[in-house]
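Novice: Sending over a structure as structure tokens; questions will come in a sec.
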Amino acid sequence: MAIQTALPKQSTAEVFQPEITQEAIALCAIDYGYVQAARRRVDEVRTSEAASLEPPTLVELEEALGERVLRCELWQWNWRNRVYRVELAKGGVAVAKQLIMATEARFQCEHDQLGRLASLQIPGLRVPKLLALLPAKRTYVMELARGKTIPALLWNRKHGDDVLTACELAGKILARMHLAWTEKICPMPVDLLARDLAATPWRLSSREGKILQSVFENLARAEVRTGEIYYDYKPANFLFEAGELFLIDPPGVLRQGVQLWDFSIFRSFMRRELWRFTLRRPFDRRRMIARQTLSAFERGYLSIFTESFPQPALFPLAARLFDLQRTAVLMTMQKGKVAMAREMRSATKEMRFRNSLANRISLPLLENEKRWLFRQLARELPA
């Protein structure tokens with residue numbers, strides 16, 4: 001029996017019907033619906049009440065840490081989290097992260113991830129040490145991670161070689177994570193991915209629909225690694241210092257899926273950083289180094305595996321499909337934010353999306369990226 005692959009309604013391509021296997025049925029328990037999850041997330045935020053969590057007090061921090069605290073200052077914040085700089089009396093600085101838009105389970109999972117990642121003992125990977133918990137304030141305190149983010153290395157003229165080293169190391173670290181987390185090798189879940197992409201609030205041309213159809217057909221028999229994924233494996237979540245990478249901002253939800261998603265997350269964000277660099281510094285001689293960051297990451301990732309899944313001939317096409325899914329997630333979130341900014345009248349809720357102009361500007365850029373990705377998919381289809 002075959003199951004119908006859901007293509008976007010705008011596509012006029014003939015519907016591809018992959019054969020269902022026992023492995024594919026087993027995969028249904030794993031979530032591949034990241035676009036659908038983004039839509040649910042937008043709906044949750046739209047209907048949620050404003051956060052009423054008070055910041056952690058000095059007394060609470062001292063009780064949790066077991067030592068005197070001189071001051072606690074708000075350092076960074078967004079509508080989901082607040083990050084505080086905690087100065088200790090005995091010297092040194094710690095970081096307190098408060099989860100505003102999170103459940104107790106998400107809070108528990110996020111701080112637990114620090115220990116889980118550290119237990120992998122991956123060469124070159126460092127994880128901030130957990131120092132204290134304040135469950136009533138959904139706050140955890142960790143050591144201050146030092147270094148520069150990978151995007152900061154790219155823009156800093158003094159760290160040209162460091163950015164290539166950091167990207168290659170990030171690839172090796174991710175590969176070792178995936179080796180530790182892989183549960184099975186099984187066929188690419190093209191039917192589930194197609195249904196998820198169909199939930200994206202975009203319009204596909206007839207040509208784009210046909211390209212996507214061909215991609216699904218070519219990847220239907222490809223085998224991929226599935227298991228736990230990091231999900232938000234972004235260059236900005238790394239701090240590079242003394243040849244090592246601090247991985248900050250641990251995931252708050254345990255997810256399982258095709259592990260190639262993590263590979264595409266890093267590559268997609270680094271590609272956007274490269275585009276920004278080229279636009280802002282068109283005559284900078286370091287553009288060549290910037291272009292090499294993507295190949296350095298891919299080289300580091302593939303160097304750890306003795307066998308590639310998917311096979312080398314299909315690896316670029318499969319990775320590009322997840323690039324497209326990531327762009328679809330971003331488009332869904334941005335359109336949701338713009339819609340909410342128009343709907344909301346409450347001053348508190350408007351503060352969550354006060355950067356609505358930036359959200360509106362992002363949409364045409366994401367549309368251009370979508371078109372670029374379809375051109376790349378067309379080039380990477382087997383002849």
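Numbering starts fresh at 1 for the residues of each chain in the structure tokens, the chains themselves are lettered A, B, ... in the order given, and ligands are numbered from 1 as they appear.
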Would you write out, as a Markdown table, a table of all residues in segment 129-248 of chain A that have an atom no more than 8 Å from an atom of segment 119-125 of chain A, listing for each the closest atom pair and the distance in Å to one decimal, considering only C-alpha atoms and ordering rows by chain and rising residue number?

Specialist:
```
| residue | atom | partner | partner_atom | distance |
| --- | --- | --- | --- | --- |
| A:Leu169 | CA | A:Gly124 | CA | 7.1 |
| A:Ile173 | CA | A:Ile122 | CA | 6.6 |
| A:Arg176 | CA | A:Ile122 | CA | 6.9 |
| A:Met177 | CA | A:Leu120 | CA | 7.6 |
| A:Ala180 | CA | A:Leu120 | CA | 7.8 |
| A:Gly243 | CA | A:Gly124 | CA | 7.1 |
| A:Glu244 | CA | A:Gly124 | CA | 4.7 |
| A:Leu245 | CA | A:Leu125 | CA | 5.2 |
| A:Phe246 | CA | A:Leu125 | CA | 6.2 |
| A:Leu247 | CA | A:Leu125 | CA | 7.1 |
```

Novice: Can those selected residues be exported to a file as a PDB file, in the first residue's frame so that it contains N, CA and C atoms?

Specialist:
```pdb
ATOM      1  N   LEU A 169      36.055  22.431  13.771  1.00  0.00           N
ATOM      2  CA  LEU A 169      35.865  21.773  15.062  1.00  0.00           C
ATOM      3  C   LEU A 169      34.380  21.586  15.362  1.00  0.00           C
ATOM      4  N   ILE A 173      32.615  18.040  16.284  1.00  0.00           N
ATOM      5  CA  ILE A 173      31.834  17.874  17.515  1.00  0.00           C
ATOM      6  C   ILE A 173      30.433  17.368  17.193  1.00  0.00           C
ATOM      7  N   ARG A 176      30.439  13.681  16.258  1.00  0.00           N
ATOM      8  CA  ARG A 176      30.606  12.794  17.418  1.00  0.00           C
ATOM      9  C   ARG A 176      29.335  12.751  18.264  1.00  0.00           C
ATOM     10  N   MET A 177      28.620  13.860  18.346  1.00  0.00           N
ATOM     11  CA  MET A 177      27.309  13.839  19.008  1.00  0.00           C
ATOM     12  C   MET A 177      26.377  12.865  18.295  1.00  0.00           C
ATOM     13  N   ALA A 180      27.077   9.262  18.906  1.00  0.00           N
ATOM     14  CA  ALA A 180      26.629   8.833  20.232  1.00  0.00           C
ATOM     15  C   ALA A 180      25.110   8.709  20.303  1.00  0.00           C
ATOM     16  N   GLY A 243      41.365  27.212  21.214  1.00  0.00           N
ATOM     17  CA  GLY A 243      41.234  25.978  20.450  1.00  0.00           C
ATOM     18  C   GLY A 243      40.089  25.078  20.865  1.00  0.00           C
ATOM     19  N   GLU A 244      39.201  25.566  21.731  1.00  0.00           N
ATOM     20  CA  GLU A 244      38.047  24.786  22.171  1.00  0.00           C
ATOM     21  C   GLU A 244      36.768  25.586  21.948  1.00  0.00           C
ATOM     22  N   LEU A 245      35.652  24.871  21.912  1.00  0.00           N
ATOM     23  CA  LEU A 245      34.354  25.507  21.719  1.00  0.00           C
ATOM     24  C   LEU A 245      33.476  25.288  22.945  1.00  0.00           C
ATOM     25  N   PHE A 246      32.983  26.386  23.506  1.00  0.00           N
ATOM     26  CA  PHE A 246      31.957  26.336  24.543  1.00  0.00           C
ATOM     27  C   PHE A 246      30.610  26.279  23.839  1.00  0.00           C
ATOM     28  N   LEU A 247      29.815  25.261  24.106  1.00  0.00           N
ATOM     29  CA  LEU A 247      28.476  25.160  23.534  1.00  0.00           C
ATOM     30  C   LEU A 247      27.481  25.685  24.560  1.00  0.00           C
TER      31      LEU A 247
END
```

Novice: Enumerate, as a ChimeraX atom specification, the complete set of residues in segment 61-152 of chain A that a backbone-based DSSP assignment places in strand (DSSP E).

Specialist: /A:69-77,81-88,93-99,125-126,130-134,139-143,148-149

Novice: Could those selected residues go to a file with N, CA and C atoms, as a short mmCIF file (atom, residue, chain, number, x, y, z; two decimals), in the first residue's frame?

Specialist:
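Printed below is result.cif as written:
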```cif
data_model
loop_
_atom_site.label_atom_id
_atom_site.label_comp_id
_atom_site.auth_asym_id
_atom_site.auth_seq_id
_atom_site.Cartn_x
_atom_site.Cartn_y
_atom_site.Cartn_z
N VAL A 69 26.84 37.24 47.02
CA VAL A 69 26.73 37.81 45.68
C VAL A 69 26.73 39.33 45.80
N LEU A 70 27.59 39.98 45.03
CA LEU A 70 27.67 41.44 45.09
C LEU A 70 26.55 42.11 44.30
N ARG A 71 26.32 41.64 43.10
CA ARG A 71 25.27 42.25 42.28
C ARG A 71 24.80 41.28 41.20
N CYS A 72 23.59 41.53 40.75
CA CYS A 72 22.99 40.76 39.66
C CYS A 72 22.37 41.75 38.69
N GLU A 73 22.90 41.81 37.47
CA GLU A 73 22.46 42.80 36.50
C GLU A 73 21.90 42.11 35.26
N LEU A 74 20.78 42.65 34.75
CA LEU A 74 20.21 42.13 33.51
C LEU A 74 21.20 42.39 32.38
N TRP A 75 21.54 41.35 31.65
CA TRP A 75 22.59 41.42 30.63
C TRP A 75 22.00 41.37 29.22
N GLN A 76 21.20 40.34 28.97
CA GLN A 76 20.54 40.18 27.68
C GLN A 76 19.12 39.67 27.92
N TRP A 77 18.23 39.95 26.98
CA TRP A 77 16.86 39.47 27.15
C TRP A 77 16.14 39.45 25.81
N ASN A 81 13.55 34.62 27.22
CA ASN A 81 14.53 34.43 28.29
C ASN A 81 15.09 35.76 28.79
N ARG A 82 15.60 35.72 30.01
CA ARG A 82 16.42 36.81 30.53
C ARG A 82 17.74 36.21 30.98
N VAL A 83 18.82 36.90 30.69
CA VAL A 83 20.15 36.45 31.11
C VAL A 83 20.76 37.53 32.00
N TYR A 84 21.25 37.12 33.18
CA TYR A 84 21.80 38.05 34.16
C TYR A 84 23.29 37.79 34.35
N ARG A 85 24.00 38.86 34.59
CA ARG A 85 25.42 38.77 34.95
C ARG A 85 25.51 38.83 36.47
N VAL A 86 26.04 37.78 37.07
CA VAL A 86 26.09 37.66 38.53
C VAL A 86 27.54 37.82 38.99
N GLU A 87 27.79 38.87 39.75
CA GLU A 87 29.15 39.12 40.25
C GLU A 87 29.28 38.55 41.66
N LEU A 88 30.26 37.68 41.85
CA LEU A 88 30.45 37.00 43.13
C LEU A 88 31.43 37.75 44.02
N VAL A 93 32.71 35.80 37.90
CA VAL A 93 31.38 36.14 37.41
C VAL A 93 30.68 34.86 36.97
N ALA A 94 29.40 34.76 37.27
CA ALA A 94 28.57 33.66 36.81
C ALA A 94 27.44 34.22 35.95
N VAL A 95 26.72 33.32 35.31
CA VAL A 95 25.60 33.72 34.45
C VAL A 95 24.33 33.03 34.95
N ALA A 96 23.27 33.80 35.10
CA ALA A 96 21.97 33.24 35.48
C ALA A 96 21.01 33.38 34.31
N LYS A 97 20.39 32.29 33.92
CA LYS A 97 19.43 32.32 32.82
C LYS A 97 18.04 32.02 33.36
N GLN A 98 17.11 32.91 33.05
CA GLN A 98 15.72 32.76 33.50
C GLN A 98 14.83 32.50 32.30
N LEU A 99 14.09 31.39 32.34
CA LEU A 99 13.20 31.01 31.24
C LEU A 99 11.82 31.60 31.51
N LEU A 125 35.15 20.04 22.95
CA LEU A 125 33.87 20.59 23.39
C LEU A 125 33.91 20.89 24.89
N ARG A 126 33.50 22.09 25.24
CA ARG A 126 33.34 22.45 26.64
C ARG A 126 31.91 22.92 26.86
N LEU A 130 27.06 23.72 35.61
CA LEU A 130 25.88 24.17 36.34
C LEU A 130 26.27 24.44 37.79
N LEU A 131 25.92 25.64 38.30
CA LEU A 131 26.31 26.04 39.65
C LEU A 131 25.16 26.02 40.65
N ALA A 132 23.96 26.35 40.21
CA ALA A 132 22.83 26.43 41.15
C ALA A 132 21.51 26.45 40.39
N LEU A 133 20.44 26.08 41.11
CA LEU A 133 19.09 26.09 40.55
C LEU A 133 18.17 26.91 41.43
N LEU A 134 17.30 27.69 40.79
CA LEU A 134 16.24 28.42 41.48
C LEU A 134 14.93 28.06 40.79
N THR A 139 15.07 29.61 36.99
CA THR A 139 16.39 30.18 36.75
C THR A 139 17.47 29.16 37.13
N TYR A 140 18.47 29.05 36.29
CA TYR A 140 19.64 28.26 36.66
C TYR A 140 20.89 29.12 36.46
N VAL A 141 21.89 28.85 37.31
CA VAL A 141 23.13 29.62 37.30
C VAL A 141 24.24 28.70 36.79
N MET A 142 25.06 29.22 35.89
CA MET A 142 26.16 28.44 35.34
C MET A 142 27.40 29.30 35.25
N GLU A 143 28.53 28.64 35.07
CA GLU A 143 29.77 29.40 34.95
C GLU A 143 29.76 30.23 33.68
N LYS A 148 34.76 34.15 21.86
CA LYS A 148 33.99 34.88 20.86
C LYS A 148 33.13 33.89 20.08
N THR A 149 31.93 34.34 19.72
CA THR A 149 31.07 33.48 18.92
C THR A 149 31.69 33.29 17.53
#
```

Novice: As number ranges by chain, which residues of segment 105-277 of chain A does DSSP assign to helix (DSSP H, G or I)?

Specialist: A: 105-119, 135-137, 150-155, 157-181, 190-198, 206-219, 235-237, 260-277

Novice: Could you name the residues that touch Trp372 of chain A at 12 Å or less, counting only C-alpha atoms, but leaving out those on the same chain fewer than 2 positions away, as a ChimeraX atom specification?

Specialist: /A:208,271-272,320,323-324,327,365-370,374-379

Novice: Considering only C-alpha atoms, state which residue in the set A:Trp202, A:Phe240, A:Tyr231, A:Trp155 is at the smallest distance from Thr332 of chain A.

Specialist: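 Going through A:Trp202, A:Phe240, A:Tyr231, A:Trp155 one by one, the smallest distance to Thr332 of chain A is for A:Trp202.
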
Novice: Need to verify the contact set: segment 253-263 of chain A, 10 Å, only C-alpha atoms, exclusion of same-chain residues closer than 3 positions in sequence. Can you return it as a PyMOL selection string?

Specialist: chain A and resi 27-33+105-110+113+170-171+174-175+177-179+181-189+224-234+250+266-268+297-298+301+309-310+315+318-323+325-326

Novice: Using only C-alpha atoms, can you tell me which of A:Asp161, A:Phe305, A:Met331, A:Gly66 comes closest to Arg203 of chain A?

Specialist: A:Met331

Novice: Report, in Å to a single decimal, how far apart atom CA of Val163 of chain A and atom CA of Phe238 of chain A are.

Specialist: 11.2 Å

Novice: Counting only C-alpha atoms, which residue out of A:Ala339, A:Arg40, A:Leu294, A:Glu223 sits closest to Ser308 of chain A?

Specialist: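 Between A:Ala339, A:Arg40, A:Leu294, A:Glu223, the residue approaching Ser308 of chain A most closely is A:Glu223.
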
Novice: Looking at A:Asn156, A:Val338, A:Arg291, A:Ala136, which one is nearest to Glu60 of chain A, with distances taken over only C-alpha atoms?

Specialist: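 That would be A:Ala136, the residue with the smallest distance to Glu60 of chain A.
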
Novice: Go through A:Leu219, A:Met270, A:Ile100, A:Ala328 and flag the residue nearest Glu54 of chain A, using only C-alpha atoms for the distances.

Specialist: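 Closest to Glu54 of chain A of all the choices is A:Ile100.
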
Novice: Quick one: distance from atom CA of Ala38 of chain A to atom CA of Gly252 of chain A in Å, one decimal?

Specialist: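 Between these atoms lies a distance of 15.0 Å.
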